[in-house]
Structures are given as structure tokens and as C-alpha cells.
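*Asks:* Structure: input_15.txt, compact mmCIF, C-alpha atoms.
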# COMPACT_ATOMS: atom_id res chain seq x y z
CA MET A 1431 264.42 89.96 80.90
CA GLN A 1432 265.91 87.21 78.72
CA ASP A 1433 266.50 89.57 75.76
CA LYS A 1434 268.54 91.82 78.03
CA LEU A 1435 270.60 88.80 79.10
CA TYR A 1436 271.87 87.96 75.62
CA HIS A 1437 275.44 88.71 76.77
CA VAL A 1438 275.01 86.34 79.72
CA GLY A 1439 273.60 83.64 77.43
CA LYS A 1440 276.77 83.72 75.34
CA ILE A 1441 278.77 82.75 78.45
CA ILE A 1442 276.51 80.14 80.02
CA GLY A 1443 275.73 78.61 76.63
CA THR A 1444 279.36 77.92 75.75
CA SER A 1445 281.64 75.24 77.13
CA SER A 1446 285.00 76.18 78.62
CA PRO A 1447 288.33 74.31 78.76
CA PHE A 1448 288.83 75.86 82.21
CA ALA A 1449 285.60 74.44 83.66
CA SER A 1450 285.29 70.77 82.70
CA ASP A 1451 282.32 70.19 85.04
CA PHE A 1452 280.26 73.00 83.51
CA LEU A 1453 277.37 71.94 81.25
CA PRO A 1454 276.35 74.72 78.83
CA ASP A 1455 272.74 75.84 78.75
CA SER A 1456 270.55 74.98 75.80
CA THR A 1457 267.20 76.34 74.69
CA GLN A 1458 265.54 73.16 75.98
CA GLN A 1459 267.50 73.08 79.27
CA PRO A 1460 268.31 76.62 80.52
CA LYS A 1461 269.41 75.25 83.90
CA THR A 1462 272.04 77.88 84.71
CA ARG A 1463 269.86 80.77 83.56
CA ASN A 1464 267.03 79.55 85.78
CA PHE A 1465 269.40 79.20 88.73
CA LEU A 1466 270.63 82.76 88.28
CA ALA A 1467 267.05 83.94 88.51
CA SER A 1468 266.26 81.91 91.64
CA CYS A 1469 269.43 81.94 93.77
CA LYS A 1470 269.51 84.50 96.55
CA ILE A 1471 272.38 86.97 96.85
CA LEU A 1472 273.05 89.25 99.82
CA ILE A 1473 274.89 92.53 99.31
CA ILE A 1474 276.14 94.18 102.49
CA GLY A 1475 276.56 97.90 101.94
CA ALA A 1476 274.71 100.21 99.53
CA GLY A 1477 277.36 102.92 99.23
CA GLY A 1478 280.00 103.41 96.56
CA LEU A 1479 280.70 99.69 96.06
CA GLY A 1480 277.14 98.64 96.87
CA CYS A 1481 275.55 100.75 94.11
CA GLU A 1482 277.94 99.27 91.55
CA LEU A 1483 277.35 95.73 92.84
CA LEU A 1484 273.58 96.07 92.68
CA LYS A 1485 273.71 97.32 89.11
CA ASN A 1486 276.23 94.70 87.96
CA LEU A 1487 274.55 91.69 89.55
CA ALA A 1488 271.03 92.67 88.47
CA LEU A 1489 272.27 93.08 84.87
CA SER A 1490 274.04 89.70 85.10
CA GLY A 1491 270.79 87.78 85.59
CA PHE A 1492 270.54 87.69 89.39
CA GLN A 1493 266.98 88.58 90.37
CA ASN A 1494 266.62 87.70 94.07
CA ILE A 1495 268.93 90.18 95.78
CA ASN A 1496 268.83 91.47 99.34
CA VAL A 1497 270.79 94.55 100.40
CA ILE A 1498 271.64 95.72 103.93
CA ASP A 1499 272.80 99.21 104.86
CA MET A 1500 272.33 101.19 108.06
CA ASP A 1501 273.21 104.60 106.59
CA THR A 1502 271.17 107.40 105.06
CA ILE A 1503 272.06 109.36 101.94
CA ASP A 1504 274.24 112.44 102.36
CA VAL A 1505 274.71 115.12 99.72
CA SER A 1506 278.41 114.18 99.53
CA ASN A 1507 277.42 110.70 98.27
CA LEU A 1508 275.87 111.98 95.06
CA ASN A 1509 279.13 112.41 93.15
CA ARG A 1510 279.75 108.63 92.94
CA GLN A 1511 276.76 106.70 94.31
CA PHE A 1512 274.76 106.94 91.10
CA LEU A 1513 271.54 105.29 92.28
CA PHE A 1514 270.76 108.37 94.39
CA ARG A 1515 269.40 111.80 93.45
CA PRO A 1516 269.29 115.15 95.30
CA GLN A 1517 265.71 114.51 96.43
CA ASP A 1518 266.88 111.30 98.13
CA VAL A 1519 269.16 113.04 100.65
CA GLY A 1520 268.26 111.89 104.16
CA LYS A 1521 266.57 108.68 103.01
CA PRO A 1522 267.89 105.14 103.72
CA LYS A 1523 270.48 104.05 101.16
CA ALA A 1524 269.25 100.45 101.00
CA VAL A 1525 265.63 101.46 100.37
CA VAL A 1526 266.38 104.02 97.66
CA ALA A 1527 268.91 101.76 95.90
CA ALA A 1528 266.47 98.84 95.86
CA GLU A 1529 263.65 100.99 94.49
CA PHE A 1530 265.89 102.34 91.72
CA ILE A 1531 267.07 98.88 90.59
CA ASN A 1532 263.58 97.34 90.77
CA LYS A 1533 262.18 100.17 88.66
CA ARG A 1534 265.00 100.29 86.12
CA ILE A 1535 265.77 96.58 85.55
CA SER A 1536 262.82 94.35 84.68
CA GLY A 1537 262.62 91.14 86.69
CA ALA A 1538 264.80 92.41 89.52
CA LYS A 1539 263.40 91.83 93.01
CA VAL A 1540 265.76 93.65 95.36
CA VAL A 1541 264.72 93.55 99.03
CA PRO A 1542 266.17 96.35 101.20
CA HIS A 1543 267.04 96.18 104.90
CA TYR A 1544 267.67 99.50 106.63
CA CYS A 1545 269.48 98.16 109.68
CA LYS A 1546 272.75 96.77 111.03
CA ILE A 1547 274.03 93.35 110.00
CA GLN A 1548 274.01 92.44 113.70
CA ASP A 1549 270.21 92.81 113.73
CA PHE A 1550 269.84 89.45 111.97
CA ASP A 1551 270.63 85.96 113.23
CA ARG A 1552 271.97 82.87 111.48
CA THR A 1553 268.51 81.93 110.16
CA PHE A 1554 268.50 85.03 107.97
CA TYR A 1555 272.01 84.51 106.58
CA LYS A 1556 271.49 80.80 105.88
CA GLN A 1557 269.06 81.54 103.04
CA PHE A 1558 271.70 83.03 100.71
CA SER A 1559 273.85 81.29 98.11
CA VAL A 1560 276.58 83.97 98.13
CA ILE A 1561 277.24 87.00 100.33
CA VAL A 1562 279.00 90.03 98.83
CA CYS A 1563 280.54 92.71 101.03
CA GLY A 1564 280.97 96.31 99.94
CA LEU A 1565 281.93 97.59 103.37
CA ASP A 1566 284.16 100.38 104.64
CA SER A 1567 284.42 98.88 108.12
CA ILE A 1568 286.86 96.21 109.31
CA PRO A 1569 284.76 95.37 112.42
CA ALA A 1570 281.74 94.70 110.18
CA ARG A 1571 283.82 92.41 107.97
CA ARG A 1572 285.06 90.53 111.03
CA TRP A 1573 281.52 90.14 112.35
CA ILE A 1574 280.03 88.65 109.18
CA ASN A 1575 283.15 86.48 108.72
CA SER A 1576 282.68 85.03 112.21
CA MET A 1577 278.96 84.54 111.63
CA LEU A 1578 279.50 82.52 108.43
CA ILE A 1579 282.08 80.32 110.15
CA GLU A 1580 279.85 79.82 113.18
CA MET A 1581 277.02 78.66 110.88
CA ILE A 1582 279.00 75.71 109.47
CA ASP A 1583 278.15 72.20 110.65
CA PHE A 1584 280.86 69.57 111.15
CA ASP A 1585 280.77 65.77 111.08
CA ASN A 1586 282.26 63.42 113.68
CA GLU A 1587 285.71 63.76 112.10
CA ASN A 1588 285.50 67.56 112.25
CA ASN A 1589 285.08 67.94 108.49
CA PRO A 1590 282.81 70.82 107.41
CA ASP A 1591 279.51 70.03 105.74
CA PRO A 1592 279.79 71.55 102.22
CA ASP A 1593 276.07 72.35 102.17
CA THR A 1594 276.50 74.73 105.12
CA ILE A 1595 279.40 76.70 103.59
CA ILE A 1596 278.31 80.04 102.17
CA PRO A 1597 280.97 81.73 99.99
CA MET A 1598 281.77 85.36 100.73
CA VAL A 1599 283.15 87.79 98.17
CA ASP A 1600 284.71 90.81 99.84
CA GLY A 1601 285.61 94.06 98.11
CA GLY A 1602 287.26 97.14 99.54
CA THR A 1603 288.65 100.43 98.25
CA GLU A 1604 290.75 103.25 99.62
CA GLY A 1605 291.59 106.05 97.23
CA PHE A 1606 293.14 104.60 94.08
CA LYS A 1607 293.74 101.20 95.71
CA GLY A 1608 291.37 98.29 96.11
CA GLN A 1609 291.13 94.56 96.71
CA THR A 1610 288.84 91.64 95.94
CA ARG A 1611 288.92 88.33 97.73
CA VAL A 1612 286.95 85.10 97.68
CA ILE A 1613 286.47 83.40 101.03
CA LEU A 1614 285.23 79.83 101.47
CA PRO A 1615 284.77 79.67 105.26
CA THR A 1616 286.99 77.02 106.93
CA LEU A 1617 288.40 75.98 103.51
CA SER A 1618 290.38 79.08 102.58
CA ALA A 1619 291.91 82.03 104.41
CA CYS A 1620 289.25 84.10 106.15
CA ILE A 1621 289.23 87.74 107.24
CA GLU A 1622 290.96 86.93 110.53
CA CYS A 1623 293.68 84.92 108.77
CA SER A 1624 294.77 88.07 106.95
CA LEU A 1625 293.84 90.76 109.43
CA GLU A 1626 297.35 92.19 109.44
CA MET A 1627 296.90 93.04 105.73
CA PHE A 1628 294.31 95.66 106.60
CA PRO A 1629 295.65 99.04 107.71
CA PRO A 1630 295.09 99.14 111.49
CA GLN A 1631 292.28 101.49 112.41
CA LYS A 1632 293.00 103.85 115.25
CA THR A 1633 291.20 102.39 118.25
CA TYR A 1634 291.83 102.85 121.93
CA PRO A 1635 290.92 100.59 124.85
CA ILE A 1636 287.81 101.82 126.65
CA CYS A 1637 289.68 101.65 129.95
CA THR A 1638 292.28 104.14 128.73
CA ILE A 1639 289.63 106.44 127.29
CA ALA A 1640 287.62 106.38 130.51
CA SER A 1641 290.30 106.62 133.16
CA THR A 1642 293.74 107.67 131.88
CA PRO A 1643 293.59 109.80 128.70
CA ARG A 1644 297.05 110.70 127.39
CA ILE A 1645 296.56 112.08 123.88
CA PRO A 1646 293.93 114.33 122.19
CA GLU A 1647 292.33 111.33 120.44
CA HIS A 1648 291.54 109.75 123.83
CA CYS A 1649 289.55 112.84 124.81
CA ILE A 1650 287.64 112.90 121.53
CA GLN A 1651 286.80 109.19 121.77
CA TRP A 1652 285.68 109.76 125.38
CA ALA A 1653 283.30 112.49 124.23
CA SER A 1654 281.82 110.36 121.41
CA ILE A 1655 281.59 107.04 123.27
CA ILE A 1656 281.11 107.77 126.96
CA ALA A 1657 279.93 111.38 127.34
CA TRP A 1658 277.41 111.14 124.49
CA GLU A 1659 275.86 107.98 125.89
CA LYS A 1660 275.79 109.36 129.44
CA GLU A 1661 274.50 112.89 128.81
CA LYS A 1662 272.27 112.20 125.77
CA PRO A 1663 272.59 115.79 124.50
CA PHE A 1664 270.17 115.51 121.60
CA VAL A 1665 266.76 113.90 122.05
CA HIS A 1666 264.01 113.69 119.43
CA GLY A 1667 260.73 112.85 121.15
CA ASP A 1668 261.40 109.71 123.18
CA ASN A 1669 264.39 108.70 121.06
CA VAL A 1670 268.00 109.55 121.85
CA CYS A 1671 269.73 110.80 118.70
CA LYS A 1672 272.79 108.92 117.48
CA ILE A 1673 275.86 110.91 116.51
CA ASP A 1674 275.42 112.44 113.05
CA THR A 1675 278.93 113.26 111.85
CA ASP A 1676 277.48 115.63 109.23
CA ASN A 1677 275.49 117.62 111.81
CA PRO A 1678 277.46 120.76 112.86
CA GLU A 1679 275.66 120.92 116.22
CA HIS A 1680 276.65 117.34 117.07
CA MET A 1681 280.26 117.90 116.04
CA LEU A 1682 280.50 121.17 117.98
CA TRP A 1683 279.16 119.47 121.12
CA LEU A 1684 281.74 116.68 120.80
CA PHE A 1685 284.55 119.19 120.21
CA GLU A 1686 283.64 121.26 123.27
CA LYS A 1687 283.36 118.17 125.50
CA ALA A 1688 286.66 116.77 124.25
CA LYS A 1689 288.41 120.12 124.69
CA LYS A 1690 287.16 120.47 128.26
CA ARG A 1691 288.34 116.95 129.16
CA ALA A 1692 291.71 117.65 127.54
CA GLU A 1693 292.12 120.81 129.60
CA GLU A 1694 291.27 118.90 132.79
CA ASN A 1695 294.04 116.41 132.01
CA ASN A 1696 296.55 118.98 130.65
CA ILE A 1697 296.44 117.53 127.14
CA PRO A 1698 296.97 120.05 124.31
CA GLY A 1699 295.98 119.60 120.67
CA VAL A 1700 292.21 119.07 120.59
CA THR A 1701 290.87 121.02 117.60
CA TYR A 1702 287.58 121.00 115.74
CA ARG A 1703 289.31 119.60 112.65
CA LEU A 1704 290.94 116.78 114.62
CA THR A 1705 287.56 116.00 116.21
CA GLN A 1706 286.03 115.61 112.76
CA GLY A 1707 288.86 113.38 111.60
CA VAL A 1708 288.71 111.06 114.63
CA VAL A 1709 284.92 110.72 114.69
CA LYS A 1710 284.39 110.43 110.94
CA ASN A 1711 287.46 108.28 110.23
CA ILE A 1712 287.55 109.82 106.77
CA ILE A 1713 288.70 107.59 103.89
CA PRO A 1714 288.88 109.03 100.36
CA ALA A 1715 286.52 107.45 97.81
CA ILE A 1716 287.05 107.46 94.04
CA ALA A 1717 284.31 106.37 91.64
CA SER A 1718 286.60 104.64 89.15
CA THR A 1719 288.17 102.47 91.88
CA ASN A 1720 284.72 101.48 93.10
CA ALA A 1721 283.76 100.50 89.54
CA VAL A 1722 286.85 98.32 89.02
CA ILE A 1723 286.55 96.48 92.33
CA ALA A 1724 282.77 96.03 92.05
CA ALA A 1725 283.23 94.56 88.55
CA SER A 1726 285.80 92.12 89.93
CA CYS A 1727 283.52 91.12 92.81
CA SER A 1728 280.53 90.67 90.50
CA ASN A 1729 282.63 88.50 88.20
CA GLU A 1730 283.53 86.24 91.12
CA VAL A 1731 279.90 85.96 92.25
CA PHE A 1732 278.90 85.00 88.70
CA LYS A 1733 281.63 82.33 88.52
CA ILE A 1734 280.63 80.87 91.90
CA ALA A 1735 276.96 80.73 90.92
CA THR A 1736 277.42 79.31 87.41
CA ASN A 1737 280.70 77.34 87.62
CA THR A 1738 281.60 78.72 84.18
CA ALA A 1739 285.22 79.37 85.23
CA PRO A 1740 287.52 78.84 88.21
CA THR A 1741 287.13 81.41 90.96
CA LEU A 1742 289.82 83.72 92.24
CA ASN A 1743 292.28 81.94 94.55
CA ASN A 1744 291.95 83.95 96.61
CA TRP A 1745 293.11 87.60 96.64
CA MET A 1746 293.36 90.31 93.97
CA MET A 1747 295.03 93.64 94.66
CA TYR A 1748 294.46 96.70 92.44
CA ASN A 1749 296.48 99.92 92.35
CA GLY A 1750 295.46 102.76 90.05
CA ALA A 1751 297.62 105.49 91.58
CA GLN A 1752 300.20 105.37 88.77
CA GLY A 1753 298.76 103.60 85.77
CA ILE A 1754 296.91 100.33 86.37
CA TYR A 1755 298.48 97.48 88.29
CA THR A 1756 296.87 94.28 89.56
CA TYR A 1757 298.29 91.28 91.33
CA THR A 1758 296.66 88.03 92.43
CA TYR A 1759 297.91 85.50 94.92
CA GLU A 1760 296.73 82.85 97.35
CA TYR A 1761 296.69 83.95 100.96
CA ALA A 1762 297.40 80.96 103.18
CA LYS A 1763 294.95 79.80 105.81
CA LYS A 1764 296.35 80.05 109.34
CA ASP A 1765 296.13 77.04 111.62
CA ASP A 1766 295.98 79.29 114.68
CA CYS A 1767 293.36 81.66 113.24
CA ILE A 1768 291.05 82.82 116.02
CA ALA A 1769 287.99 82.35 113.79
CA CYS A 1770 288.55 79.34 111.50
CA GLY A 1771 291.46 77.63 113.29
CA THR A 1772 292.31 76.96 116.90
CA SER A 1773 291.31 79.78 119.23
CA LYS A 1774 294.09 79.10 121.79
CA ARG A 1775 297.29 81.12 121.73
CA ASN A 1776 300.42 81.43 123.86
CA PHE A 1777 301.31 84.89 125.09
CA GLU A 1778 304.55 85.84 126.82
CA ILE A 1779 304.64 88.94 129.02
CA SER A 1780 306.27 90.28 132.16
CA SER A 1781 304.40 89.71 135.40
CA LEU A 1782 305.13 93.36 136.28
CA GLN A 1783 302.98 94.66 133.44
CA THR A 1784 299.63 96.04 134.57
CA LEU A 1785 296.37 94.68 133.23
CA GLU A 1786 295.82 98.00 131.44
CA GLN A 1787 299.18 97.69 129.67
CA PHE A 1788 298.32 94.11 128.72
CA ILE A 1789 295.00 95.24 127.20
CA GLN A 1790 296.80 97.96 125.27
CA LEU A 1791 299.17 95.33 123.82
CA LEU A 1792 296.17 93.29 122.69
CA ALA A 1793 294.56 96.34 121.09
CA ASP A 1794 297.79 97.17 119.21
CA ASP A 1795 298.36 93.60 117.98
CA PRO A 1796 297.81 93.68 114.17
CA ASN A 1797 296.61 90.07 114.29
CA LEU A 1798 293.85 90.90 116.78
CA GLN A 1799 292.91 94.60 116.37
CA LEU A 1800 290.47 94.46 119.26
CA LYS A 1801 288.13 97.32 120.03
CA LYS A 1802 286.57 96.75 123.45
CA PRO A 1803 288.08 93.55 124.84
CA SER A 1804 286.73 91.85 127.95
CA LEU A 1805 288.74 89.24 129.88
CA THR A 1806 287.77 86.45 132.23
CA TYR A 1807 290.00 84.22 134.34
CA ASP A 1808 288.99 80.97 135.98
CA GLY A 1809 285.37 81.69 135.07
CA LYS A 1810 285.39 85.08 136.81
CA PRO A 1811 285.54 88.55 135.19
CA LEU A 1812 289.03 90.03 135.16
CA PHE A 1813 288.00 93.13 133.24
CA MET A 1814 284.71 93.83 131.46
CA SER A 1815 284.44 96.78 129.07
CA ALA A 1816 280.63 96.49 129.12
CA PRO A 1817 277.99 96.74 130.50
CA PRO A 1818 278.67 99.78 132.73
CA GLY A 1819 277.89 97.84 135.92
CA LEU A 1820 280.55 95.19 135.26
CA TYR A 1821 283.00 97.82 134.10
CA GLU A 1822 282.69 99.61 137.45
CA GLN A 1823 283.20 96.34 139.32
CA THR A 1824 286.36 95.39 137.42
CA LYS A 1825 288.05 98.70 136.55
CA ASP A 1826 290.18 98.63 139.73
CA ASN A 1827 292.06 95.64 138.27
CA LEU A 1828 293.47 97.83 135.49
CA ASN A 1829 296.24 99.27 137.68
CA LYS A 1830 297.18 95.92 139.21
CA SER A 1831 300.11 93.89 137.88
CA LEU A 1832 299.39 90.63 136.09
CA GLY A 1833 301.46 88.85 138.75
CA ASP A 1834 298.93 89.97 141.36
CA LEU A 1835 295.96 88.78 139.32
CA ILE A 1836 296.99 85.49 137.71
CA THR A 1837 299.76 82.88 137.76
CA SER A 1838 302.13 81.90 134.96
CA GLY A 1839 300.57 79.26 132.72
CA SER A 1840 297.05 80.51 133.41
CA GLU A 1841 294.49 80.78 130.63
CA ILE A 1842 292.55 83.99 130.04
CA VAL A 1843 289.42 84.00 127.88
CA LEU A 1844 289.13 87.08 125.68
CA THR A 1845 286.00 88.35 123.91
CA ASP A 1846 285.36 91.42 121.77
CA PRO A 1847 282.27 92.90 120.03
CA SER A 1848 284.00 92.63 116.64
CA LEU A 1849 284.00 88.84 116.92
CA GLU A 1850 280.65 87.07 116.69
CA ASN A 1851 280.46 84.14 119.11
CA VAL A 1852 284.25 83.76 119.12
CA ALA A 1853 286.24 83.56 122.35
CA ILE A 1854 290.05 83.60 122.28
CA THR A 1855 291.95 81.64 124.90
CA LEU A 1856 295.34 83.11 125.80
CA LYS A 1857 297.80 81.01 127.77
CA ILE A 1858 299.86 83.54 129.71
CA ASN A 1859 303.51 82.71 130.35
CA PHE A 1860 305.52 85.14 132.49
CA ILE A 1861 309.03 86.02 131.38
Spell out the structure here as C-alpha cells.

*Replies:*
Amino acid sequence: MQDKLYHVGKIIGTSSPFASDFLPDSTQQPKTRNFLASCKILIIGAGGLGCELLKNLALSGFQNINVIDMDTIDVSNLNRQFLFRPQDVGKPKAVVAAEFINKRISGAKVVPHYCKIQDFDRTFYKQFSVIVCGLDSIPARRWINSMLIEMIDFDNENNPDPDTIIPMVDGGTEGFKGQTRVILPTLSACIECSLEMFPPQKTYPICTIASTPRIPEHCIQWASIIAWEKEKPFVHGDNVCKIDTDNPEHMLWLFEKAKKRAEENNIPGVTYRLTQGVVKNIIPAIASTNAVIAASCSNEVFKIATNTAPTLNNWMMYNGAQGIYTYTYEYAKKDDCIACGTSKRNFEISSLQTLEQFIQLLADDPNLQLKKPSLTYDGKPLFMSAPPGLYEQTKDNLNKSLGDLITSGSEIVLTDPSLENVAITLKINFI
């Protein structure tokens, strides 16, 4: 393994004017090399970015790597996710990727986890030195961001304990564009601080989908979220099948259900193609963009682990649509961030607005981008999007005006599945 790390040895064995605290390795004291081999890295996602990250980090001297991915390999992945082969189609991405790296790179000990990130608690995440995200989901980014912040311990003066801060390196791509960022939870801007920088994903409040559909997308979301769960159209043994967006039978069932609901509500425009677009949320993927962003992320992980150079502070944007253009800048931490700052906000609204209209405003807010918000007032549920029992008990409040439900100056507590253990307090002022 050490012969293959000659290129790494040239870096960690040389002093740098940009890293005065770094002590170069020597043959007698290979401290940094030994740390690279022992420190634990978590990669979230084993897709286009994840395959590149696994390869880069394993070849950079990192041996103890864990990888999480809940997806299986599709034939469409083979053109850019190079750790997979045709015979791997249908197998878990994390498992196949780990086996490939362990077999190809001597010394690598990649541990796969074929599951959701939400399946693990803070004990699992505390064991890692750095967490690297190669995700295509904003809700997943928000969840792990909230988890890392929630894990931090504070002293009596509310200062974070440095030993409980786990750095996160986040990479993302969309077509020829990509970004890399380094997040030091509570010390630098987190995902929530810069949520408006992400393109808002089309989401619709569950109350609108369930009770008052107005556009074709509402009907399609109803079919995929509510009708699928209620009717359980595909069962394998004792297990209810999840929606497979690459299964023509699943997509046809969703299309027919959505079309029928649209006809019942006099909503035109539901097509099979639109159904595919809404359910799959298709984002173009380009191998070269993945390679550039994964290289940048791997470089930041290496700098964090070895202290050989200053880390990115804290955002790098890449655009390869017309030539190659990159730009770095520091994104400021927000004092009123719902995750790493104060979770209380003032909200001005007319008392004549209905609760449903209020929830729609929250869902459309680029600084919140909520998916299935639930609200409580004075310790009692105002509206609960889940479970079904509480939804039925509170759905009648949707058509009531805010003036009938609360008073000006009242505080509403807001929760959402995309936020792990984070509750937002909104102080409502009527105008």
C-alpha cells in the first residue's frame, strides 16, 4: 500500500508556507500517513459522485471508509458510474462499490450500508472524522446537516466543544454545473444558511394534494404518495413494493390513477411523460462534471485530515457549460438560521388567510423549502401532515382563517421530516 502512496508521501513529507502548524512526515515518524490509514470517513451516496469519491479517497491513503446508499444499480447508471458492470444491475450500489474498491485497492476496507441515512442514530455518525456527501437530494442534505449540528455539545457559555464538531464536505452536480462546500457545523454557514442557493424542488403541501388538487402535478403526487400507500398495488410475498420509477407497470399504474383523479377534479394535462418527470425528478448527469467535483471534494477531505493546506472557505462553484469557470467565496453564517442559529422567526400575514394558504406560503419560502410541515399552537396540534389519524383530526382547520385559530403575537411551532430534531418557532403578527 505504501508504494502506491508515493504521490501522497511527497505532499505529507514536505512543509508548506500555507500551513505553518503542519509537521511533515519522516521515515521514523510517519504520523500523518498512519492517521490517513486509521481515520474513518463516511461517504453518503454511491452514485455518480460516490463512485468517484470512493476511488479518489482510497487512492489517497484513506483505508477505513464507510459508504451509505439506499439505491440499486440501474442499467442507465453504467455510462458514468464506473464501479458497476452489466452483471451488477439490480444489486445494491453501496455493496457492489465497496466490493470493487476492496478488491482493486490493497489495504482498503470499505464497509457498505444498503439503507437510508435516517436508519442510523447519532452513535453511528459520531465515529467518523469527516463526512462526505455525494447526494442528489436536498432533503437528505438537510437531514444530515441537522444531525451533525444536533450532535454538538456546548459548554456553559454556549460555545461548541471542538471535539464534537464533525466537518462535512458536500458536493453536488447538475448537468455541466457543480459545487463543493466545506461545512464546520455551528462555525461556518450550514446547508440551511444557504438553502436559497439551491434550486427549489417542486413540492406541494400534503393538504393540497389530498383535498384540493388544482394542477396536474397535484394529481400525480397524490397517486404516488397517498394512493400508492393506501391501495398497495404491488405486493411481493408479505412485503409491499416501493415505487420503482424504472418499472413500466408501476409508472403505468401511477399515470392511470393520476389521470382518473384529474378527470374527477376537471384538471387537464396529466400525461404519461409528465408522470415520469414528476415522480423521477430527472436531473441530467455528466461524467466529467462528477469527476471535477469529486476531485475537489476529495482534495478538501485530504486537507482536513492532514492539515497540509488551508481548507476551502467555504464554497466553490464550477461551470463547464461554456469552457471552464470556477469561483470561490465565503458564504456567511446566518444568525437566524433554523438549524445552527436561533430557531425563532417573525412572520407577518393577514388574519384572513386560511391555514392552508399559510402552509403553502411556508412551502414556497426559499429559505424553508418544507415538504410535509406540521404545526402546533399552545401545545396542541393545529395541523399534522402525519400520521393519518392526526391528519384526519386536524384537516378541518385547513379552510379556517388564521384569525379564527390563533391571535396576533402567538407562536406556532413548525416541524418537517426534512429537519432532524429541529423545530421552528414562528411568531405570527397579523397585518

*Asks:* With only C-alpha atoms as the counted atoms, please give the residues lying no more than 10 Å from Pro1454 of chain A, apart from itself and same-chain residues fewer than 3 positions off, as a ChimeraX atom specification.

*Replies:* /A:1439-1446,1451,1459-1462,1736,1738

*Asks:* I need the residue nearest Ala1751 of chain A from this list: A:Ile1861, A:Leu1785, A:Ile1734, A:Ile1716. Use all atoms listed in the file for the distance.

*Replies:*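 For Ala1751 of chain A, the nearest of the candidates is A:Ile1716.
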
*Asks:* Dig up all the protein and nucleic acid residues within 6 Å of (282.5, 77.0, 101.7) in the file frame, using all atoms listed in the file, and format them as a ChimeraX atom specification.

*Replies:* /A:1595-1597,1614-1615

*Asks:* Do you know which residues are at most 9 Å from Pro1663 of chain A counting all atoms listed in the file, after dropping those on the same chain fewer than 4 positions away, and could you put them as an MDAnalysis selection string?

*Replies:* chainID A and resid 1658:1659 1670:1671 1680 1683

*Asks:* What separation in Å, quoted to one decimal, exists between atom CA of Leu1782 of chain A and atom CA of Val1852 of chain A?

*Replies:*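 Distance between the two atoms: 28.7 Å.
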
*Asks:* Given 6 Å on each side, where is the centre and what are the edge lengths in Å to one decimal of the axis-aligned box enclosing the listed atoms of segment 1557-1565 of chain A, as JSON?

*Replies:*
{"center_x": 275.5, "center_y": 89.4, "center_z": 100.7, "size_x": 24.9, "size_y": 28.3, "size_z": 17.3}

*Asks:* Env of Asp1591 of chain A: 12 Å cut, atoms = all atoms listed in the file, seq-sep filter 4 positions within chain, self excluded. Answer as a PDB file with C-alpha atoms, in the frame of the given file.

*Replies:*
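Final file, result01.pdb:
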ATOM      1  CA  ILE A1579     282.080  80.320 110.150  1.00  0.00           C
ATOM      2  CA  MET A1581     277.020  78.660 110.880  1.00  0.00           C
ATOM      3  CA  ILE A1582     279.000  75.710 109.470  1.00  0.00           C
ATOM      4  CA  ASP A1583     278.150  72.200 110.650  1.00  0.00           C
ATOM      5  CA  PHE A1584     280.860  69.570 111.150  1.00  0.00           C
ATOM      6  CA  ASP A1585     280.770  65.770 111.080  1.00  0.00           C
ATOM      7  CA  ASN A1586     282.260  63.420 113.680  1.00  0.00           C
ATOM      8  CA  GLU A1587     285.710  63.760 112.100  1.00  0.00           C
ATOM      9  CA  ILE A1595     279.400  76.700 103.590  1.00  0.00           C
ATOM     10  CA  ILE A1596     278.310  80.040 102.170  1.00  0.00           C
ATOM     11  CA  PRO A1615     284.770  79.670 105.260  1.00  0.00           C
ATOM     12  CA  THR A1616     286.990  77.020 106.930  1.00  0.00           C
ATOM     13  CA  LEU A1617     288.400  75.980 103.510  1.00  0.00           C
TER      14      LEU A1617
END

*Asks:* Using only C-alpha atoms, which residue out of A:Ser1450, A:Thr1603, A:Asn1496, A:Thr1701 lies closest to Ala1476 of chain A?

*Replies:*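 Using only C-alpha atoms, Ala1476 of chain A sits closest to A:Asn1496.
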